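Only one structure is covered here, and it is reproduced in the block below.
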Amino acid sequence: MTKRAREWGLPLPGTPGSFNAITDVPGVAVGYSTLIQGDGPLVIGQGPVRSGVTAILPRGLKAVGTPVFAAYHSLNGNGELSGCHWIAEGGLLEGPIAITNTHSVGAVHEGVLRWGLQQGHKRLTAWGLPVVGETYDGELNDINGFHVRPEHAMAALDAASSGVLPMGSLGGGTGMICYGYKGGSGSASRRVRVCGADYNLGVFVQANFGRRRELVVCGVPIGLELDCSDELRGKPAGSIIGVVATDAPLLPHQLRRLAQRVGLGMARSGSISHNGSGDIFLAFSTANAQAAAVRDGFATATYLANDSLDPLFEAVVEASDEAILDSIFVNEDMTGRDSNFVPALPDSVVQRILARVAR
């Protein structure tokens with residue numbers, strides 16, 4: 001979104017220092033496994049298939065066994081994020097995060113455990129509570145065909161890497177729809193200065209929510225001027241899973257406050273968080289790697305004071321808004337089961353509306 005806004009000479013929706021994605025946080029790795037097969041009428045068990053798995057490793061492949069401080073927040077709970085109860089209780093995320101479609105949580109859960117065994121990841125497999133989130137892709141995908149299997153979760157984990165992150169119809173975001181257009185996987189990041197030090201903060205979303213008329217870009221309610229005639233009728237308002245990563249030293253209660261701010265980024269993009277939406281957010285910090293190394297019953301952690309957090313709050317709101325828009329702006333048309341068609345957001349129309357009101 002930021003690159004395109006610059007090309008158009010439009011006001012940017014964020015502060016200086018906008019980068020690419022959640023992978024700008026050192027150590028964070030993301031991998032996809034994408035399933036696209038078949039066309040035409042739905043035949044349960046045969047397809048068409050438009051689905052996949054996204055995997056996020058907070059410390060990358062080399063330090064999978066080192067937990068991170070974490071917390072979650074449910075803005076509207078018509079969705080699933082397995083493992084969140086222990087995160088709320090213990091304040092630690094002890095393995096990867098996986099995101100898929102609603103009916104594949106179980107298969108991905110098994111895949112994460114199998115991958116952990118393969119990796120010799122004792123903390124994950126001795127008492128395994130994998131963290132798996134979901135959003136619904138049944139408008140485009142044979143969701144009751146259970147095409148996502150444990151091996152696809154393992155493949156996404158094996159593919160996880162840092163650096164430039166592709167976005168759009170990839171991984172768990174393959175069959176998703178956002179604001180009536182093709183949505184899916186999106187991400188954005190910020191670098192912020194707090195207490196004289198620079199920190200990175202990134203947001204990843206699997207965006208599958210909203211009505212077309214609600215869409216807001218750069219503060220402009222463009223959805224009111226878009227053609228809604230071809231929006232899929234009867235489609236649920238959908239859901240979003242948001243993951244916030246930072247290398248700023250924060251404790252779990254502070255990370256919960258960051259997770260809450262993803263909802264403000266949603267609101268900036270136009271969402272009201274519908275009754276049928278599963279809007280669930282998780283935040284983690286890669287700082288304090290030694291905090292899980294308890295000795296003699298004690299652990300040590302460094303953290304920012306609460307009154308220093310405003311720059312991080314601002315970064316979460318901006319990056320969440322931008323990540324949602326990125327999931328739409330980078331996408332292409334998709335036709336799925338029963339020839340259901342979801343268009344990409346028409347760049348030229350958006351450009352014309354924004355240019356007319358650019359401030």
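Order determines the names: the first chain of the structure tokens is A, the second B, and so forth; residues in each chain are numbered 1 upward, and ligands are numbered 1 upward as they are shown.
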request  = Could you give me, as an MDAnalysis selection string, each residue of stretch 19-237 of chain A that DSSP assigns to helix (DSSP H, G or I) when run on this structure's backbone?
outcome  = chainID A and resid 22:24 61:63 84:90 102:119 122:125 143:145 150:158 171:173 212:214 222:225
Would you tabulate, counting only C-alpha atoms, all residues of stretch 203-262 of chain A that have an atom at most 8 Å from an atom of stretch 272-293 of chain A, showing the closest pair of atoms and their distance in Å to one decimal, sorted by chain then ascending number, as JSON lines?
{"residue": "A:Phe209", "atom": "CA", "partner": "A:Ser277", "partner_atom": "CA", "distance": 7.1}
{"residue": "A:Gly210", "atom": "CA", "partner": "A:His274", "partner_atom": "CA", "distance": 7.8}
{"residue": "A:Pro236", "atom": "CA", "partner": "A:Gly276", "partner_atom": "CA", "distance": 6.7}
{"residue": "A:Ala237", "atom": "CA", "partner": "A:Ser277", "partner_atom": "CA", "distance": 6.0}
{"residue": "A:Gly238", "atom": "CA", "partner": "A:Ser277", "partner_atom": "CA", "distance": 5.0}
{"residue": "A:Ser239", "atom": "CA", "partner": "A:Gly278", "partner_atom": "CA", "distance": 4.5}
{"residue": "A:Ile240", "atom": "CA", "partner": "A:Asp279", "partner_atom": "CA", "distance": 4.9}
{"residue": "A:Ile241", "atom": "CA", "partner": "A:Ile280", "partner_atom": "CA", "distance": 5.2}
{"residue": "A:Gly242", "atom": "CA", "partner": "A:Phe281", "partner_atom": "CA", "distance": 4.5}
{"residue": "A:Val243", "atom": "CA", "partner": "A:Leu282", "partner_atom": "CA", "distance": 4.9}
{"residue": "A:Val244", "atom": "CA", "partner": "A:Ala283", "partner_atom": "CA", "distance": 4.4}
{"residue": "A:Ala245", "atom": "CA", "partner": "A:Phe284", "partner_atom": "CA", "distance": 5.2}
{"residue": "A:Thr246", "atom": "CA", "partner": "A:Ser285", "partner_atom": "CA", "distance": 5.0}
{"residue": "A:Asp247", "atom": "CA", "partner": "A:Thr286", "partner_atom": "CA", "distance": 5.0}
{"residue": "A:Ala248", "atom": "CA", "partner": "A:Ala287", "partner_atom": "CA", "distance": 6.2}
{"residue": "A:Pro249", "atom": "CA", "partner": "A:Ala287", "partner_atom": "CA", "distance": 5.0}
{"residue": "A:Leu250", "atom": "CA", "partner": "A:Ser285", "partner_atom": "CA", "distance": 6.3}
{"residue": "A:Pro252", "atom": "CA", "partner": "A:Phe284", "partner_atom": "CA", "distance": 7.9}
{"residue": "A:Leu255", "atom": "CA", "partner": "A:Ala283", "partner_atom": "CA", "distance": 5.5}
{"residue": "A:Arg256", "atom": "CA", "partner": "A:Ala283", "partner_atom": "CA", "distance": 6.7}
{"residue": "A:Leu258", "atom": "CA", "partner": "A:Ala283", "partner_atom": "CA", "distance": 6.6}
{"residue": "A:Ala259", "atom": "CA", "partner": "A:Ala283", "partner_atom": "CA", "distance": 5.3}
{"residue": "A:Gln260", "atom": "CA", "partner": "A:Phe281", "partner_atom": "CA", "distance": 7.3}
{"residue": "A:Val262", "atom": "CA", "partner": "A:Phe281", "partner_atom": "CA", "distance": 6.9}
message = Can you measure atom CA of A:Asn200 to atom CA of A:Ala301 for me? One decimal in Å is fine.
response = 18.7 Å
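Summary of the local environment: counting only C-alpha atoms, residues at most 10 Å from A:Ser187, other than itself and those fewer than 3 positions away along its chain, are Phe19, Asn20, Ala21, Ile22, Thr23, Leu165, Pro166, Met167, Gly168, Gly202, Val203, Phe204, Val205, Gln206, Gly242, Val243, Val244, Ala319, Ser320, Asp321, Glu322, Ala323, Ile324, Leu325, Asp326 and Ser327 of chain A.
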Selection file, N, CA and C atoms, as an mmCIF file, in the first residue's frame:
data_model
loop_
_atom_site.group_PDB
_atom_site.id
_atom_site.type_symbol
_atom_site.label_atom_id
_atom_site.label_comp_id
_atom_site.auth_asym_id
_atom_site.auth_seq_id
_atom_site.Cartn_x
_atom_site.Cartn_y
_atom_site.Cartn_z
ATOM 1 N N PHE A 19 8.307 -0.280 6.226
ATOM 2 C CA PHE A 19 9.114 -1.263 5.530
ATOM 3 C C PHE A 19 8.222 -2.280 4.843
ATOM 4 N N ASN A 20 8.564 -3.534 4.949
ATOM 5 C CA ASN A 20 7.854 -4.535 4.158
ATOM 6 C C ASN A 20 6.856 -5.326 4.969
ATOM 7 N N ALA A 21 7.299 -5.967 6.044
ATOM 8 C CA ALA A 21 6.460 -7.008 6.614
ATOM 9 C C ALA A 21 6.922 -7.383 8.013
ATOM 10 N N ILE A 22 6.206 -8.340 8.589
ATOM 11 C CA ILE A 22 6.529 -8.840 9.921
ATOM 12 C C ILE A 22 7.945 -9.409 9.974
ATOM 13 N N THR A 23 8.463 -9.842 8.829
ATOM 14 C CA THR A 23 9.814 -10.396 8.776
ATOM 15 C C THR A 23 10.901 -9.330 8.905
ATOM 16 N N LEU A 165 8.718 -10.723 2.099
ATOM 17 C CA LEU A 165 7.597 -11.635 2.286
ATOM 18 C C LEU A 165 6.559 -11.448 1.189
ATOM 19 N N PRO A 166 6.318 -12.462 0.355
ATOM 20 C CA PRO A 166 5.227 -12.363 -0.617
ATOM 21 C C PRO A 166 3.886 -12.355 0.092
ATOM 22 N N MET A 167 2.909 -11.684 -0.499
ATOM 23 C CA MET A 167 1.598 -11.543 0.124
ATOM 24 C C MET A 167 0.510 -11.807 -0.904
ATOM 25 N N GLY A 168 -0.720 -11.893 -0.412
ATOM 26 C CA GLY A 168 -1.872 -12.087 -1.284
ATOM 27 C C GLY A 168 -2.506 -13.445 -1.074
ATOM 28 N N GLY A 202 6.198 -5.527 13.504
ATOM 29 C CA GLY A 202 5.523 -5.960 12.291
ATOM 30 C C GLY A 202 4.185 -6.599 12.602
ATOM 31 N N VAL A 203 3.285 -6.519 11.647
ATOM 32 C CA VAL A 203 1.955 -7.129 11.774
ATOM 33 C C VAL A 203 1.712 -8.017 10.562
ATOM 34 N N PHE A 204 1.203 -9.212 10.813
ATOM 35 C CA PHE A 204 0.758 -10.106 9.751
ATOM 36 C C PHE A 204 -0.723 -10.363 9.937
ATOM 37 N N VAL A 205 -1.487 -10.324 8.838
ATOM 38 C CA VAL A 205 -2.916 -10.610 8.934
ATOM 39 C C VAL A 205 -3.314 -11.668 7.908
ATOM 40 N N GLN A 206 -4.272 -12.487 8.290
ATOM 41 C CA GLN A 206 -5.024 -13.298 7.339
ATOM 42 C C GLN A 206 -6.401 -12.654 7.294
ATOM 43 N N GLY A 242 -4.778 -11.693 13.368
ATOM 44 C CA GLY A 242 -3.692 -10.728 13.320
ATOM 45 C C GLY A 242 -2.577 -11.127 14.264
ATOM 46 N N VAL A 243 -1.340 -11.082 13.783
ATOM 47 C CA VAL A 243 -0.175 -11.417 14.608
ATOM 48 C C VAL A 243 0.763 -10.222 14.632
ATOM 49 N N VAL A 244 1.097 -9.771 15.833
ATOM 50 C CA VAL A 244 2.017 -8.652 16.025
ATOM 51 C C VAL A 244 3.329 -9.197 16.569
ATOM 52 N N ALA A 319 0.381 -0.240 11.135
ATOM 53 C CA ALA A 319 0.815 -1.435 10.409
ATOM 54 C C ALA A 319 -0.346 -2.406 10.193
ATOM 55 N N SER A 320 -1.291 -2.457 11.128
ATOM 56 C CA SER A 320 -2.461 -3.328 10.957
ATOM 57 C C SER A 320 -3.317 -2.843 9.798
ATOM 58 N N ASP A 321 -3.583 -1.546 9.755
ATOM 59 C CA ASP A 321 -4.348 -0.958 8.656
ATOM 60 C C ASP A 321 -3.651 -1.237 7.322
ATOM 61 N N GLU A 322 -2.363 -0.998 7.284
ATOM 62 C CA GLU A 322 -1.613 -1.185 6.042
ATOM 63 C C GLU A 322 -1.547 -2.656 5.634
ATOM 64 N N ALA A 323 -1.383 -3.554 6.605
ATOM 65 C CA ALA A 323 -1.316 -4.983 6.289
ATOM 66 C C ALA A 323 -2.627 -5.468 5.681
ATOM 67 N N ILE A 324 -3.745 -4.991 6.210
ATOM 68 C CA ILE A 324 -5.055 -5.357 5.660
ATOM 69 C C ILE A 324 -5.173 -4.876 4.217
ATOM 70 N N LEU A 325 -4.791 -3.626 3.989
ATOM 71 C CA LEU A 325 -4.861 -3.090 2.627
ATOM 72 C C LEU A 325 -3.892 -3.817 1.697
ATOM 73 N N ASP A 326 -2.711 -4.165 2.207
ATOM 74 C CA ASP A 326 -1.762 -4.920 1.385
ATOM 75 C C ASP A 326 -2.346 -6.257 0.937
ATOM 76 N N SER A 327 -3.117 -6.907 1.824
ATOM 77 C CA SER A 327 -3.695 -8.207 1.461
ATOM 78 C C SER A 327 -4.644 -8.091 0.280
#
List the spatial neighbours of A:Ile97 as an mmCIF file with N, CA and C atoms, in the first residue's frame - criterion: any atom at most 6 Å away, only C-alpha atoms, same-chain residues fewer than 3 positions off excluded.
data_model
loop_
_atom_site.group_PDB
_atom_site.id
_atom_site.type_symbol
_atom_site.label_atom_id
_atom_site.label_comp_id
_atom_site.auth_asym_id
_atom_site.auth_seq_id
_atom_site.Cartn_x
_atom_site.Cartn_y
_atom_site.Cartn_z
ATOM 1 N N ALA A 55 2.678 -20.440 8.253
ATOM 2 C CA ALA A 55 3.408 -20.710 9.489
ATOM 3 C C ALA A 55 4.278 -19.510 9.845
ATOM 4 N N ILE A 56 4.254 -19.115 11.114
ATOM 5 C CA ILE A 56 5.084 -18.020 11.617
ATOM 6 C C ILE A 56 5.937 -18.553 12.764
ATOM 7 N N VAL A 131 -0.447 -23.538 18.564
ATOM 8 C CA VAL A 131 -1.265 -22.344 18.341
ATOM 9 C C VAL A 131 -1.662 -22.325 16.862
ATOM 10 N N VAL A 132 -2.953 -22.550 16.602
ATOM 11 C CA VAL A 132 -3.470 -22.609 15.231
ATOM 12 C C VAL A 132 -4.697 -21.711 15.134
#
